[in-house]
$ cat target.pdb   # PDB, C-alpha atoms
ATOM      1  CA  MET T   4      75.337  54.438  76.708
ATOM      2  CA  ALA T   5      75.409  58.020  75.493
ATOM      3  CA  ASP T   6      74.543  60.859  77.835
ATOM      4  CA  VAL T   7      70.901  60.936  78.804
ATOM      5  CA  LEU T   8      69.402  63.825  76.853
ATOM      6  CA  GLU T   9      65.711  63.053  77.023
ATOM      7  CA  LEU T  10      63.451  61.011  79.289
ATOM      8  CA  GLU T  11      60.295  59.472  77.914
ATOM      9  CA  LEU T  12      57.628  57.952  80.058
ATOM     10  CA  THR T  13      54.535  55.836  79.803
ATOM     11  CA  ASP T  14      51.403  55.839  81.915
ATOM     12  CA  GLN T  15      52.949  52.888  83.765
ATOM     13  CA  SER T  16      56.149  54.789  84.582
ATOM     14  CA  GLU T  17      54.164  57.821  85.732
ATOM     15  CA  ASN T  18      52.173  55.526  88.041
ATOM     16  CA  GLU T  19      55.416  53.973  89.311
ATOM     17  CA  LEU T  20      56.833  57.407  90.149
ATOM     18  CA  GLY T  21      53.630  58.350  91.938
ATOM     19  CA  ALA T  22      53.762  55.165  94.001
ATOM     20  CA  HIS T  23      57.133  56.403  95.317
ATOM     21  CA  GLN T  24      55.842  59.964  95.942
ATOM     22  CA  LEU T  25      57.719  61.357  92.921
ATOM     23  CA  SER T  26      56.453  63.393  90.007
ATOM     24  CA  LEU T  27      57.568  63.740  86.423
ATOM     25  CA  ARG T  28      58.845  67.197  87.413
ATOM     26  CA  ASP T  29      61.205  65.563  89.960
ATOM     27  CA  ALA T  30      62.654  63.319  87.258
ATOM     28  CA  ILE T  31      63.056  66.210  84.833
ATOM     29  CA  GLU T  32      64.886  68.231  87.492
ATOM     30  CA  VAL T  33      67.419  65.407  87.913
ATOM     31  CA  LEU T  34      68.070  65.496  84.169
ATOM     32  CA  ASP T  35      68.140  69.316  84.017
ATOM     33  CA  GLU T  36      70.573  69.669  86.928
ATOM     34  CA  ASP T  37      73.093  67.721  84.818
ATOM     35  CA  ASP T  38      74.905  66.373  87.906
ATOM     36  CA  TYR T  39      73.597  62.832  87.615
ATOM     37  CA  ARG T  40      75.545  59.582  87.353
ATOM     38  CA  THR T  41      74.459  56.348  85.680
ATOM     39  CA  PHE T  42      75.310  52.802  86.757
ATOM     40  CA  PRO T  43      74.465  49.361  85.361
ATOM     41  CA  ASP T  44      71.419  47.669  86.862
ATOM     42  CA  PRO T  45      72.800  44.272  87.935
ATOM     43  CA  THR T  46      69.395  42.583  87.805
ATOM     44  CA  HIS T  47      68.164  43.961  84.438
ATOM     45  CA  ALA T  48      71.060  44.234  81.991
ATOM     46  CA  PRO T  49      69.650  46.814  79.531
ATOM     47  CA  ARG T  50      68.576  49.105  82.355
ATOM     48  CA  ARG T  51      70.642  51.615  84.297
ATOM     49  CA  TYR T  52      70.365  53.461  87.579
ATOM     50  CA  MET T  53      70.413  57.241  87.132
ATOM     51  CA  ILE T  54      71.201  58.963  90.426
ATOM     52  CA  GLY T  55      71.083  62.732  90.721
ATOM     53  CA  ARG T  56      69.777  65.787  92.558
ATOM     54  CA  THR T  57      66.668  67.870  92.124
ATOM     55  CA  ARG T  58      66.972  71.662  92.360
ATOM     56  CA  SER T  59      66.140  71.471  96.060
ATOM     57  CA  GLY T  60      68.960  68.978  96.648
ATOM     58  CA  ARG T  61      66.843  65.845  97.017
ATOM     59  CA  LEU T  62      68.781  62.849  95.696
ATOM     60  CA  LEU T  63      66.729  60.497  93.527
ATOM     61  CA  THR T  64      67.391  57.158  91.889
ATOM     62  CA  LEU T  65      65.678  56.657  88.539
ATOM     63  CA  ILE T  66      65.620  53.441  86.542
ATOM     64  CA  ILE T  67      66.055  54.107  82.830
ATOM     65  CA  GLU T  68      66.486  52.084  79.657
ATOM     66  CA  ALA T  69      68.046  53.397  76.451
ATOM     67  CA  ILE T  70      65.643  53.651  73.524
ATOM     68  CA  ASP T  71      68.398  54.345  71.005
ATOM     69  CA  ASP T  72      71.939  55.738  70.829
ATOM     70  CA  SER T  73      70.800  59.369  70.648
ATOM     71  CA  GLY T  74      70.374  59.794  74.396
ATOM     72  CA  ARG T  75      66.632  59.076  74.494
ATOM     73  CA  CYS T  76      65.746  56.882  77.470
ATOM     74  CA  LEU T  77      62.575  55.350  78.795
ATOM     75  CA  LEU T  78      61.936  56.225  82.422
ATOM     76  CA  ILE T  79      60.838  53.032  84.191
ATOM     77  CA  THR T  80      60.497  54.125  87.844
ATOM     78  CA  GLY T  81      62.258  56.068  90.577
ATOM     79  CA  TRP T  82      62.506  56.659  94.312
ATOM     80  CA  SER T  83      64.336  58.696  96.941
ATOM     81  CA  SER T  84      67.909  57.414  97.000
ATOM     82  CA  SER T  85      68.947  55.013  99.744
ATOM     83  CA  GLN T  86      72.098  55.598 101.780
ATOM     84  CA  ALA T  87      73.918  53.011  99.641
ATOM     85  CA  GLU T  88      72.878  54.853  96.451
ATOM     86  CA  ILE T  89      73.951  58.197  97.927
ATOM     87  CA  THR T  90      77.358  56.694  98.736
ATOM     88  CA  LEU T  91      77.677  55.247  95.217
ATOM     89  CA  TYR T  92      76.795  58.631  93.721
ATOM     90  CA  SER T  93      79.256  60.501  95.938
ATOM     91  CA  ARG T  94      82.108  58.064  95.315
ATOM     92  CA  SER T  95      81.615  58.366  91.559
ATOM     93  CA  GLY T  96      82.211  62.108  91.662
ATOM     94  CA  GLY T  97      78.656  63.292  92.239
ATOM     95  CA  SER T  98      77.992  66.560  93.976
ATOM     96  CA  LYS T  99      79.524  67.145  97.382
ATOM     97  CA  TYR T 100      75.972  68.057  98.396
ATOM     98  CA  ALA T 101      74.677  64.544  97.663
ATOM     99  CA  GLY T 102      71.492  63.953  99.574
ATOM    100  CA  ARG T 103      71.454  67.491 101.042
ATOM    101  CA  PRO T 104      70.165  70.789  99.741
ATOM    102  CA  ALA T 105      72.833  72.554  97.669
ATOM    103  CA  ASN T 106      72.082  75.858  99.343
ATOM    104  CA  PRO T 107      72.834  75.848 103.108
ATOM    105  CA  SER T 108      69.912  78.202 103.689
ATOM    106  CA  ASP T 109      67.589  75.447 102.348
ATOM    107  CA  ARG T 110      68.513  73.076 105.204
TER     108      ARG T 110
END
$ encode --input "target.pdb" --output "structure tokens"
Amino acid sequence: MADVLELELTDQSENELGAHQLSLRDAIEVLDEDDYRTFPDPTHAPRRYMIGRTRSGRLLTLIIEAIDDSGRCLLITGWSSSQAEITLYSRSGGSKYAGRPANPSDR
């Protein structure tokens, strides 16, 4: 899969985000921060986990599916990352601030 350059969503995916207390803005921040990692979804082969931070340091897990090879992906759902997802993100070279605000004054 190419880098994720654009996230597209449907009414269903927006509802899914809302059910997990996330907004489209949260998902866009993960993409904009450009410190995300993607991993295969073992239960849905074409889908991937996208784990990354928002500007405030909140670590989120988004489920995405490639639309084409240009980096366009459909956003399926997302949630606040679990401890296991935070560990996976950190071990794959994600930010040393994984799961914490990047700015110590934000703690």
$ atom_distance --input "target.pdb" --atom1 "atom CA of Ile31 of chain T" --atom2 "atom CA of Glu9 of chain T"
8.8 Å
$ closest_residue --input "target.pdb" --among "T:Ser83, T:Gln15, T:Thr90, T:Ala22" --to "Gly60 of chain T" --atoms "all atoms listed in the file"
T:Ser83
$ residues_around --input "target.pdb" --residues "Phe42 of chain T" --least-positions-apart "4" --cutoff "9 Å" --atoms "all atoms listed in the file" --output "list in words"
Arg50, Arg51, Tyr52, Met53 and Ile54 of chain T
$ write_last_selection --input "target.pdb" --atoms "C-alpha atoms" --output "PDB file, keeping the file's coordinate frame"
ATOM      1  CA  ARG T  50      68.576  49.105  82.355  1.00  0.00           C
ATOM      2  CA  ARG T  51      70.642  51.615  84.297  1.00  0.00           C
ATOM      3  CA  TYR T  52      70.365  53.461  87.579  1.00  0.00           C
ATOM      4  CA  MET T  53      70.413  57.241  87.132  1.00  0.00           C
ATOM      5  CA  ILE T  54      71.201  58.963  90.426  1.00  0.00           C
TER       6      ILE T  54
END
$ closest_residue --input "target.pdb" --among "T:Gln86, T:Thr13, T:Thr57, T:Asn18" --to "Asp37 of chain T" --atoms "all atoms listed in the file"
T:Thr57
$ resolve_selection --input "target.pdb" --expression "the PyMOL selection byres ((chain T and resi 17) around 12)" --output "JSON, numbers by chain"
{"T": [10, 11, 12, 13, 14, 15, 16, 18, 19, 20, 21, 22, 23, 24, 25, 26, 27, 28, 29, 30, 65, 77, 78, 79, 80, 81]}
$ residues_around --input "target.pdb" --residues "Asp38 of chain T" --least-positions-apart "2" --cutoff "12 Å" --atoms "all atoms listed in the file" --output "VMD selection string"
chain T and resid 6 to 7 32 to 36 40 to 41 53 to 58 60 62 to 63 92 to 93 95 to 101 105
$ atom_distance --input "target.pdb" --atom1 "atom CA of Cys76 of chain T" --atom2 "atom CA of Ser59 of chain T"
23.6 Å
$ closest_residue --input "target.pdb" --among "T:Arg94, T:Pro49, T:Leu8, T:Pro43" --to "Ser73 of chain T" --atoms "all atoms listed in the file"
T:Leu8
$ atom_distance --input "target.pdb" --atom1 "atom CA of Ser85 of chain T" --atom2 "atom CA of Ala69 of chain T"
23.4 Å
$ decode --input "target.pdb" --residues "segment 4-103 of chain T" --atoms "C-alpha atoms" --output "PDB file, in the first residue's frame"
ATOM      1  CA  MET T   4       0.000   0.000   0.000  1.00  0.00           C
ATOM      2  CA  ALA T   5       1.258   3.455  -0.890  1.00  0.00           C
ATOM      3  CA  ASP T   6       1.426   6.172   1.734  1.00  0.00           C
ATOM      4  CA  VAL T   7      -1.966   7.362   2.868  1.00  0.00           C
ATOM      5  CA  LEU T   8      -2.429  10.765   1.254  1.00  0.00           C
ATOM      6  CA  GLU T   9      -6.163  11.256   1.518  1.00  0.00           C
ATOM      7  CA  LEU T  10      -8.951   9.869   3.690  1.00  0.00           C
ATOM      8  CA  GLU T  11     -12.457   9.616   2.325  1.00  0.00           C
ATOM      9  CA  LEU T  12     -15.454   8.867   4.440  1.00  0.00           C
ATOM     10  CA  THR T  13     -19.081   7.941   4.134  1.00  0.00           C
ATOM     11  CA  ASP T  14     -22.005   8.777   6.375  1.00  0.00           C
ATOM     12  CA  GLN T  15     -21.519   5.311   7.882  1.00  0.00           C
ATOM     13  CA  SER T  16     -17.857   5.944   8.723  1.00  0.00           C
ATOM     14  CA  GLU T  17     -18.693   9.334  10.228  1.00  0.00           C
ATOM     15  CA  ASN T  18     -21.312   7.617  12.408  1.00  0.00           C
ATOM     16  CA  GLU T  19     -18.765   4.952  13.387  1.00  0.00           C
ATOM     17  CA  LEU T  20     -16.266   7.615  14.466  1.00  0.00           C
ATOM     18  CA  GLY T  21     -18.944   9.388  16.474  1.00  0.00           C
ATOM     19  CA  ALA T  22     -19.867   6.153  18.234  1.00  0.00           C
ATOM     20  CA  HIS T  23     -16.261   6.058  19.505  1.00  0.00           C
ATOM     21  CA  GLN T  24     -16.271   9.765  20.504  1.00  0.00           C
ATOM     22  CA  LEU T  25     -14.071  10.745  17.540  1.00  0.00           C
ATOM     23  CA  SER T  26     -14.613  13.367  14.880  1.00  0.00           C
ATOM     24  CA  LEU T  27     -13.489  13.678  11.296  1.00  0.00           C
ATOM     25  CA  ARG T  28     -11.112  16.394  12.535  1.00  0.00           C
ATOM     26  CA  ASP T  29      -9.409  13.821  14.817  1.00  0.00           C
ATOM     27  CA  ALA T  30      -8.831  11.504  11.862  1.00  0.00           C
ATOM     28  CA  ILE T  31      -7.509  14.322   9.691  1.00  0.00           C
ATOM     29  CA  GLU T  32      -5.075  15.341  12.437  1.00  0.00           C
ATOM     30  CA  VAL T  33      -3.634  11.806  12.488  1.00  0.00           C
ATOM     31  CA  LEU T  34      -3.035  12.046   8.742  1.00  0.00           C
ATOM     32  CA  ASP T  35      -1.686  15.619   8.932  1.00  0.00           C
ATOM     33  CA  GLU T  36       0.758  14.849  11.751  1.00  0.00           C
ATOM     34  CA  ASP T  37       2.451  12.391   9.364  1.00  0.00           C
ATOM     35  CA  ASP T  38       3.740  10.216  12.235  1.00  0.00           C
ATOM     36  CA  TYR T  39       1.314   7.362  11.685  1.00  0.00           C
ATOM     37  CA  ARG T  40       2.052   3.691  11.045  1.00  0.00           C
ATOM     38  CA  THR T  41      -0.078   1.189   9.137  1.00  0.00           C
ATOM     39  CA  PHE T  42      -0.456  -2.527   9.852  1.00  0.00           C
ATOM     40  CA  PRO T  43      -2.426  -5.331   8.192  1.00  0.00           C
ATOM     41  CA  ASP T  44      -5.846  -6.051   9.669  1.00  0.00           C
ATOM     42  CA  PRO T  45      -5.675  -9.803  10.370  1.00  0.00           C
ATOM     43  CA  THR T  46      -9.450 -10.238  10.240  1.00  0.00           C
ATOM     44  CA  HIS T  47     -10.186  -8.200   7.069  1.00  0.00           C
ATOM     45  CA  ALA T  48      -7.396  -8.666   4.530  1.00  0.00           C
ATOM     46  CA  PRO T  49      -7.885  -5.532   2.377  1.00  0.00           C
ATOM     47  CA  ARG T  50      -8.093  -3.307   5.441  1.00  0.00           C
ATOM     48  CA  ARG T  51      -5.280  -1.837   7.506  1.00  0.00           C
ATOM     49  CA  TYR T  52      -4.881  -0.341  10.950  1.00  0.00           C
ATOM     50  CA  MET T  53      -3.570   3.230  10.843  1.00  0.00           C
ATOM     51  CA  ILE T  54      -2.210   4.253  14.240  1.00  0.00           C
ATOM     52  CA  GLY T  55      -1.050   7.797  14.878  1.00  0.00           C
ATOM     53  CA  ARG T  56      -1.231  10.913  17.039  1.00  0.00           C
ATOM     54  CA  THR T  57      -3.463  13.946  16.933  1.00  0.00           C
ATOM     55  CA  ARG T  58      -1.898  17.376  17.495  1.00  0.00           C
ATOM     56  CA  SER T  59      -2.702  17.105  21.197  1.00  0.00           C
ATOM     57  CA  GLY T  60      -0.878  13.769  21.432  1.00  0.00           C
ATOM     58  CA  ARG T  61      -3.920  11.502  21.611  1.00  0.00           C
ATOM     59  CA  LEU T  62      -3.120   8.179  19.941  1.00  0.00           C
ATOM     60  CA  LEU T  63      -5.868   6.874  17.663  1.00  0.00           C
ATOM     61  CA  THR T  64      -6.387   3.687  15.703  1.00  0.00           C
ATOM     62  CA  LEU T  65      -8.209   4.123  12.402  1.00  0.00           C
ATOM     63  CA  ILE T  66      -9.368   1.326  10.128  1.00  0.00           C
ATOM     64  CA  ILE T  67      -8.779   2.175   6.476  1.00  0.00           C
ATOM     65  CA  GLU T  68      -9.091   0.452   3.117  1.00  0.00           C
ATOM     66  CA  ALA T  69      -7.218   1.482  -0.024  1.00  0.00           C
ATOM     67  CA  ILE T  70      -9.430   2.813  -2.806  1.00  0.00           C
ATOM     68  CA  ASP T  71      -6.632   2.796  -5.372  1.00  0.00           C
ATOM     69  CA  ASP T  72      -2.832   2.938  -5.581  1.00  0.00           C
ATOM     70  CA  SER T  73      -2.685   6.740  -5.384  1.00  0.00           C
ATOM     71  CA  GLY T  74      -2.899   6.907  -1.597  1.00  0.00           C
ATOM     72  CA  ARG T  75      -6.663   7.472  -1.397  1.00  0.00           C
ATOM     73  CA  CYS T  76      -8.200   5.414   1.406  1.00  0.00           C
ATOM     74  CA  LEU T  77     -11.686   4.904   2.728  1.00  0.00           C
ATOM     75  CA  LEU T  78     -11.950   5.575   6.444  1.00  0.00           C
ATOM     76  CA  ILE T  79     -14.037   2.772   7.966  1.00  0.00           C
ATOM     77  CA  THR T  80     -13.948   3.546  11.714  1.00  0.00           C
ATOM     78  CA  GLY T  81     -11.603   4.507  14.529  1.00  0.00           C
ATOM     79  CA  TRP T  82     -11.126   4.606  18.288  1.00  0.00           C
ATOM     80  CA  SER T  83      -8.686   5.644  21.005  1.00  0.00           C
ATOM     81  CA  SER T  84      -5.753   3.244  20.788  1.00  0.00           C
ATOM     82  CA  SER T  85      -5.550   0.373  23.257  1.00  0.00           C
ATOM     83  CA  GLN T  86      -2.362  -0.332  25.194  1.00  0.00           C
ATOM     84  CA  ALA T  87      -1.544  -3.151  22.752  1.00  0.00           C
ATOM     85  CA  GLU T  88      -1.941  -0.760  19.791  1.00  0.00           C
ATOM     86  CA  ILE T  89       0.211   1.871  21.512  1.00  0.00           C
ATOM     87  CA  THR T  90       2.924  -0.756  22.029  1.00  0.00           C
ATOM     88  CA  LEU T  91       2.695  -1.867  18.384  1.00  0.00           C
ATOM     89  CA  TYR T  92       2.986   1.748  17.239  1.00  0.00           C
ATOM     90  CA  SER T  93       5.958   2.459  19.503  1.00  0.00           C
ATOM     91  CA  ARG T  94       7.817  -0.715  18.537  1.00  0.00           C
ATOM     92  CA  SER T  95       7.409   0.107  14.849  1.00  0.00           C
ATOM     93  CA  GLY T  96       9.231   3.406  15.261  1.00  0.00           C
ATOM     94  CA  GLY T  97       6.287   5.644  16.100  1.00  0.00           C
ATOM     95  CA  SER T  98       6.782   8.756  18.152  1.00  0.00           C
ATOM     96  CA  LYS T  99       8.462   8.454  21.526  1.00  0.00           C
ATOM     97  CA  TYR T 100       5.436  10.393  22.775  1.00  0.00           C
ATOM     98  CA  ALA T 101       3.026   7.604  21.788  1.00  0.00           C
ATOM     99  CA  GLY T 102      -0.149   7.923  23.778  1.00  0.00           C
ATOM    100  CA  ARG T 103       1.022  11.105  25.558  1.00  0.00           C
TER     101      ARG T 103
END
